[in-house]
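Novice: Handing you this structure, nothing more for now.
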Amino acid sequence: MSEMVDRDDSQQLVERVEQAREPGGRLTIIGQGSKHFMGCEPQGESLDTTDHCGVIEYEPGDLVLTARSGTPLVQIEQLLAQQGQCLGFEPPRFALNGSAAGTLGGAIASGLSGPRRPWAGAARDFVLGMTMVNGEAQRLHFGGQLIKNVAGFDLPRLIAGSMGTFGLILDISIRVLPVRPAAVTLQHVLPASEALAKMIEWQRQPLPLSGLVYGQGVLSVRLSGTAEGVLSAREIIGGDELNDAASWWDGLRDQTGAWFAEPGAVRRISCAAAAELPEIGGEWVLDWGGAQRWYRGDAPLAMLEAYARKIDGQLSCFRGADRKKPIPLADPRLVEIHGQLKSAFDPHGVFDSGRLLVQPPLAAGLQSSFLSDPAAK
Amino acid sequence: MTIITGATVDRADPQQRQKLAAELRELLPSHCVLDQLEQLKPFECDALTAIREIPLLVVLPENRDQVQAVMRYAYQNSVSLIPRGAGTGLSGGASPSTDAVLLVLTKLNDILEIDADNRIAIVEPGVRNLAISEAVAGHGLFYAPDPSSQVASSIGGNVAENSGGVHCVKYGLTTHNIRRLRYFDHTGELVTLGASGLDAPGYDLMALMTGSEGMLGVVVEVTVNLLPLPESVVLLQAAFPDMEQAGLGVMNIIAAGIIPAGLEMMDQTAIEVVENYIHMDLPLDAEAILLIELDGTEAEVESQLGSVKAEIGKFGAYDLRLARSAEDRIKLWSGRKSAFPAMGQVTTDFYIMDATVPRRHLPYALRHIVELSDQYSLRVANVFHAGDGNLHPLVLYDASDPGQVERTEKLADDILTLCLSLGGTISGEHGIGQEKLDKSCDQFSTVELEQFERVKRVFDPLGRLNPGKAIPTPHRCAELGGLHVHQGKVPFPELERF
Ligand SMILES: Cc1cc2nc3c(=O)[nH]c(=O)nc-3n(C[C@H](O)[C@H](O)[C@H](O)COP(=O)(O)OP(=O)(O)OC[C@H]3O[C@@H](n4cnc5c(N)ncnc54)[C@H](O)[C@@H]3O)c2cc1C
């Protein structure tokens with residue numbers, strides 16, 4: 001096991017932010033850079049969090065862990081595993097130089113969740129509290145170590161998934177979960193329409209599901225629970241047991257599996273689980289019981305966009321696509337709120353990394369530093 | 001908080017009231033605008049009856065267009081609005097004011113759509129929490145967050161307060177169980193947050209809107225997530241000779257990898273009061289009773305039940321009672337659930353508090369509350385959500401005795417301070433509202449409050465939505481001294497403040 005380093009680098013990090021408030025200063029926060037491919041091309045001087053690391057507090061009986069943002073996810077997961085616990089949302093640990101990588105700060109700032117998400121919750125659901133540094137170099141603490149906390153606005157969950165554009169996260173308190181004692185993965189070879197129907201049917205039943213994905217003609221079902229619970233649910237699901245299932249699910253979670261290793265841009269549609277299937281040539285993987293659909297193929301973007309619109313879903317260019325494309329927000333009011341909220345945390349644009357760009361507003365007069373071209377600052 | 005005793009005086013400006021009523025009657029059917037004292041009186045407070053005021057005016061729109069008409073009018077005429085659901089809030093979040101219109105959303109109570117395949121329901125804000133679960137039960141589904149007020153409280157209010165309930169140890173709060181919201185912004189324009197799927201592009205504005213206590217917008221539609229009804233549910237009740245052991249029992253159930261559907265506790269005072277009220281032969285020598293609900297598939301539940309019994313057995317649990325059928329469970333729950341009416345039998349008034357501490361500090365916090373209770377000579381009963389460290393101390397007092405009222409305020413303040421000092425928070429689920437504004441100054445620093453204020457201004461630049469609630473201005477805290485504060489009485493009042 002890799003040694004856990006305990007180092008508080010917050011003073012230096014806050015100073016870097018302080019300095020970047022000068023005109024022209026701009027920072028892009030980097031954990032281990034494992035998700036560097038995501039979102040728009042980052043701009044600005046790098047602010048490395050990896051020296052700010054270590055677990056500050058861990059109370060297994062309280063199901064809470066507080067750690068510095070630069071702590072490697074892998075180390076946190078090892079520590080939790082010793083107590084039979086885990087990160088319930090299965091954050092992807094995208095590989096860097098061949099090994100699983102990612103920091104806690106990066107996992108929360110990107111807000112990504114793995115295969116268990118529909119049943120356990122998303123990254124933001126597990127965030128209980130955090131200390132952050134906003135664009136004014138102010139240290140702020142919001143939330144706490146408890147699931148129930150309704151004092152003040154819920155800023156920790158807003159900051160989760162904001163790609164470091166509101167500020168630098170220094171430490172995070174996160175809810176952890178017990179590892180279920182037993183798990184099994186069962187597979188069926190089925191055409192897509194039957195697979196989707198099965199996914200809908202099973203999700204309507206009280207089964208201990210923890211993964212439900214269809215790709216390359218195979219429907220894979222993961223059950224997690226007590227040994228007895230898994231055994232009885234298994235009879236309902238049927239199918240063939242997958243050996244070495246843990247590494248197979250890791251391949252999906254960390255996008256290292258065979259499907260993701262193929263060349264070509266990967267696009268993602270987030271939609272209602274039961275949304276109708278696409279009639280678009282190429283390869284599809286239906287994860288999250290149908291609610292997260294991965295696509296790789298030659299279909300023109302416009303065709304994917306039309307499909308996403310038809311099913312009331314959201315299309316994003318996940319990996320290997322044009323990185324200048326802003327996130328499409330349908331409503332100009334939302335664009336305005338995004339810009340103003342960004343300014344509410346970061347009035348000088350210190351964190352204008354350009355990583356999370358929203359569609360430029362249709363109406364004039366709504367420009368803010370956040371919305372303008374990141375290269376123009 | 002300062003408890004108000006005696007009758008409420010109508011302090012609103014009659015001319016302003018008359019003018020507003022006339023103008024709003026142009027927009028809404030006449031009966032939807034209430035301006036007579038006897039009509040306004042029922043809205044003088046929410047369920048926190050200690051804070052009261054006769055509202056300037058009450059409007060009860062019957063549909064979304066009417067809500068929009070009111071909001072546009074308010075924007076154009078610089079009128080402040082206080083959104084209100086069912087008024088079951090316990091922190092004065094919907095408490096009225098003499099210079100704002102109370103916008104009541106209970107008539108928007110249609111369930112617009114149930115989509116069983118996607119396990120969602122789309123509902124209007126005035127739909128009662130329990131009505132959702134009732135409407136979808138036929139599909140084998142339910143809506144998980146279940147505040148004890150679920151028979152009455154509205155989903156709009158639940159969203160505004162990020163309400164939890166008995167089952168949120170396992171299923172989470174409102175914020176974890178909704179996926180789309182539509183609200184009118186301060187100008188009266190409709191904004192949609194969230195998506196049909198499990199995430200939406202851009203910032204997570206839905207998380208921000210949830211729990212914002214009507215300060216950022218008026219919610220008019222909520223898409224809630226539904227879950228399959230569990231195949232099996234059991235309820236286990238266990239008594240513990242002392243509080244320490246009960247606390248360890250709670251910690252160990254969870255450390256053993258079991259997340260019960262519900263994990264509630266009653267302390268000795270509560271046991272005694274409840275037993276005298278409903279006579280279910282509760283063990284009066286117990287310092288604590290735990291109620292542990294497990295749900296899942298039958299096989300899952302049976303194996304967990306075995307583990308739970310083994311865990312609590314290590315900590316002296318006795319008088320174990322198990323309920324399996326729905327009927328038996330209701331009977332066993334009735335002790336916990338009758339706590340409030342039971343209190344009504346032994347006291348004229350009681351003050352329901354809400355605070356959280358990390359689970360590991362529960363025994364310490366409860367012991368300390370007993371000491372405080374002795375110190376102030378006031379009885380305090382605790383019936384609460386042990387599974388998430390959410391305390392609800394009930395302070396029993398007599399409002400006709402000014403001495404007791406004052407002691408109650410002080411005691412409540414001390415309990416909140418205690419919880420903060422243990423790493424807890426001043427509100428687990430009832431919100432800040434008007435009640436805990438001053439106490440928020442103890443939880444947040446000036447720069448944190450300023451950050452809240454900047455966020456608020458993005459949504460409500462003119463400060464017209466639920467003014468003066470939920471987030472104290474840094475100025476207010478500065479005036480209080482920003483230090484440890486007792487009921488608005490700053491330490492060393494003789495000293496000048498900046
Ligand atoms: C006996 C009892 C038990 C309770 N048990 C619990 C419990 O277990 N868990 C728990 O969390 N709470 C509990 N509560 C508190 C209360 O029921 C909840 O806070 C509930 O969510 C309030 O809903 P409401 O419709 O009554 O809202 P109201 O009290 O009318 O309003 C509450 C807040 O929401 C705002 N609001 C209301 N509707 C809207 C809207 N459509 N758009 C924007 N803002 C709006 C109001 O401005 C106010 O700030 C309990 C209350 C009582 C009386």
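Residue numbering restarts at 1 in every chain; chains get A, B, ... in the order shown in the structure tokens, and ligands count up from 1 in that same order.
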Which of region 155-312 of chain B end up as helix (DSSP H, G or I) when DSSP is run on this backbone - answer as a PyMOL selection string?
Specialist: chain B and resi 155-161+168-171+174-176+205-209+243-255+268-278+298-312
Novice: Tell me, counting only C-alpha atoms and all ligand atoms, for each residue of chain A within 12 Å of ligand 1, which pair of atoms is nearest and how far apart they are in Å to one decimal, in rows ordered by chain and increasing number, as JSON lines.
Specialist:
```
{"residue": "A:Lys148", "atom": "CA", "partner": "ligand 1", "partner_atom_place_in_ligand_line": "11 (O)", "distance": 9.1}
{"residue": "A:Asn149", "atom": "CA", "partner": "ligand 1", "partner_atom_place_in_ligand_line": "11 (O)", "distance": 10.3}
{"residue": "A:Val150", "atom": "CA", "partner": "ligand 1", "partner_atom_place_in_ligand_line": "11 (O)", "distance": 9.3}
```
Novice: Write out the residues from the selection above, keeping N, CA, C and O atoms, as a PDB file, in the first residue's frame.
Specialist:
```pdb
ATOM      1  N   LYS A 148     -27.444  15.614   8.017  1.00  0.00           N
ATOM      2  CA  LYS A 148     -28.505  16.594   8.221  1.00  0.00           C
ATOM      3  C   LYS A 148     -27.902  17.907   8.664  1.00  0.00           C
ATOM      4  O   LYS A 148     -27.330  17.995   9.745  1.00  0.00           O
ATOM      5  N   ASN A 149     -28.025  18.897   7.824  1.00  0.00           N
ATOM      6  CA  ASN A 149     -27.456  20.197   8.148  1.00  0.00           C
ATOM      7  C   ASN A 149     -28.111  21.211   7.236  1.00  0.00           C
ATOM      8  O   ASN A 149     -27.815  21.264   6.055  1.00  0.00           O
ATOM      9  N   VAL A 150     -29.023  21.983   7.748  1.00  0.00           N
ATOM     10  CA  VAL A 150     -29.726  22.912   6.874  1.00  0.00           C
ATOM     11  C   VAL A 150     -29.491  24.370   7.266  1.00  0.00           C
ATOM     12  O   VAL A 150     -30.286  25.227   6.960  1.00  0.00           O
TER      13      VAL A 150
END
```
Novice: Mind checking which residues fall within 9 Å of region 29-36 of chain B, counting only C-alpha atoms, ignoring those fewer than 2 positions away in the same chain, and posting them as number ranges by chain?
Specialist: B: 17-18, 21-22, 24-27, 38-41, 55-62
Novice: Next, write the just-selected residues to a file, as a PDB file, in the first residue's frame, keeping C-alpha atoms as the atom set.
Specialist:
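out22.pdb was written with the following content:
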```pdb
ATOM      1  CA  ARG B  17     -53.473  46.621   2.870  1.00  0.00           C
ATOM      2  CA  GLN B  18     -56.567  47.994   1.193  1.00  0.00           C
ATOM      3  CA  ALA B  21     -55.970  43.895  -1.887  1.00  0.00           C
ATOM      4  CA  ALA B  22     -57.814  45.928  -4.476  1.00  0.00           C
ATOM      5  CA  LEU B  24     -54.437  41.974  -6.466  1.00  0.00           C
ATOM      6  CA  ARG B  25     -58.168  41.306  -6.876  1.00  0.00           C
ATOM      7  CA  GLU B  26     -57.722  42.560 -10.422  1.00  0.00           C
ATOM      8  CA  LEU B  27     -55.351  39.635 -10.975  1.00  0.00           C
ATOM      9  CA  GLU B  38     -60.326  37.095  11.029  1.00  0.00           C
ATOM     10  CA  GLN B  39     -59.043  35.699   7.703  1.00  0.00           C
ATOM     11  CA  LEU B  40     -55.486  36.805   8.351  1.00  0.00           C
ATOM     12  CA  LYS B  41     -55.281  35.580  11.938  1.00  0.00           C
ATOM     13  CA  PRO B  55     -49.699  39.479   7.836  1.00  0.00           C
ATOM     14  CA  LEU B  56     -50.165  42.516   5.659  1.00  0.00           C
ATOM     15  CA  LEU B  57     -52.125  40.423   3.180  1.00  0.00           C
ATOM     16  CA  VAL B  58     -52.567  36.773   2.225  1.00  0.00           C
ATOM     17  CA  VAL B  59     -53.003  35.516  -1.327  1.00  0.00           C
ATOM     18  CA  LEU B  60     -53.942  31.963  -2.217  1.00  0.00           C
ATOM     19  CA  PRO B  61     -53.516  31.588  -5.984  1.00  0.00           C
ATOM     20  CA  GLU B  62     -55.212  28.566  -7.551  1.00  0.00           C
TER      21      GLU B  62
END
```
Novice: For the atom pair CA of Thr106 (chain B) and CA of Phe459 (chain B), what is the interatomic distance in Å to one decimal place?
Specialist: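 So the two atoms, CA of Thr106 (chain B) and CA of Phe459 (chain B), lie 23.5 Å apart.
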Novice: Would you mind listing what lies within 7 Å of Gly225 (chain A) as a list in words, with only C-alpha atoms counted and same-chain residues fewer than 3 positions away left out?
Specialist: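 Those residues are Arg180, Pro181, Ala182, Ala183, Pro208, Gly229 and Val230 of chain A.
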Novice: Identify, on the basis of only C-alpha atoms, every residue whose closest approach to region 235-250 of chain B does not exceed 7 Å; exclude the query and any residue fewer than 2 positions from it along the same chain; express the result as an MDAnalysis selection string.
Specialist: chainID B and resid 233 252:254 286:294 311:312 315:324 329 362:363 387
Novice: Any idea what's packed within 6 Å of Thr28 (chain A), counting only C-alpha atoms, ignoring anything in its chain fewer than 6 positions away? Could you give it as a ChimeraX atom specification?
Specialist: /A:44-47,353
Novice: Smallest atom-to-atom distance to Ile114 (chain B): which of B:Leu226, B:Leu205, B:Leu465, B:Ile258, using only C-alpha atoms?
Specialist: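 Answer, going by the shortest atom-to-atom distance: B:Leu226.
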Novice: What lies within 7 Å of Ser80 (chain B) using only C-alpha atoms, ignoring chain neighbours under 3 positions off, as JSON, numbers by chain?
Specialist: {"B": [74, 100, 101, 464, 465]}
Novice: Next, the residues of the selection above should be written as a short mmCIF file (atom, residue, chain, number, x, y, z; two decimals), in the first residue's frame with all heavy atoms.
Specialist:
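The resulting file, result17.cif, is reproduced below:
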```
data_model
loop_
_atom_site.label_atom_id
_atom_site.label_comp_id
_atom_site.auth_asym_id
_atom_site.auth_seq_id
_atom_site.Cartn_x
_atom_site.Cartn_y
_atom_site.Cartn_z
N ALA B 74 -45.76 41.94 -7.88
CA ALA B 74 -44.89 42.28 -6.75
C ALA B 74 -43.59 42.90 -7.24
O ALA B 74 -43.09 43.87 -6.66
CB ALA B 74 -44.61 41.03 -5.92
N ALA B 100 -45.08 42.57 3.95
CA ALA B 100 -44.92 41.63 2.84
C ALA B 100 -46.21 40.85 2.65
O ALA B 100 -46.96 40.62 3.60
CB ALA B 100 -43.78 40.67 3.13
N VAL B 101 -46.45 40.47 1.40
CA VAL B 101 -47.62 39.65 1.09
C VAL B 101 -47.26 38.18 1.30
O VAL B 101 -46.21 37.73 0.86
CB VAL B 101 -48.06 39.88 -0.37
CG1 VAL B 101 -49.14 38.87 -0.78
CG2 VAL B 101 -48.58 41.31 -0.54
N ARG B 464 -36.46 40.87 -2.11
CA ARG B 464 -37.92 40.88 -1.92
C ARG B 464 -38.49 39.51 -1.61
O ARG B 464 -39.68 39.39 -1.37
CB ARG B 464 -38.59 41.39 -3.21
CG ARG B 464 -38.20 42.79 -3.58
CD ARG B 464 -39.34 43.77 -3.30
NE ARG B 464 -38.82 45.13 -3.31
CZ ARG B 464 -38.42 45.75 -4.42
NH1 ARG B 464 -38.51 45.15 -5.59
NH2 ARG B 464 -37.96 46.97 -4.35
N LEU B 465 -37.66 38.46 -1.68
CA LEU B 465 -38.19 37.12 -1.41
C LEU B 465 -37.86 36.71 0.02
O LEU B 465 -36.69 36.59 0.39
CB LEU B 465 -37.62 36.11 -2.41
CG LEU B 465 -38.01 36.34 -3.87
CD1 LEU B 465 -37.31 35.33 -4.78
CD2 LEU B 465 -39.53 36.23 -4.05
#
```
Novice: Between B:Asp267, B:Asp46, B:Asp99, B:Asp354, which residue has the minimum interatomic distance to chain A, considering only C-alpha atoms?
Specialist: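 Of the candidates, the smallest distance to chain A is held by B:Asp354.
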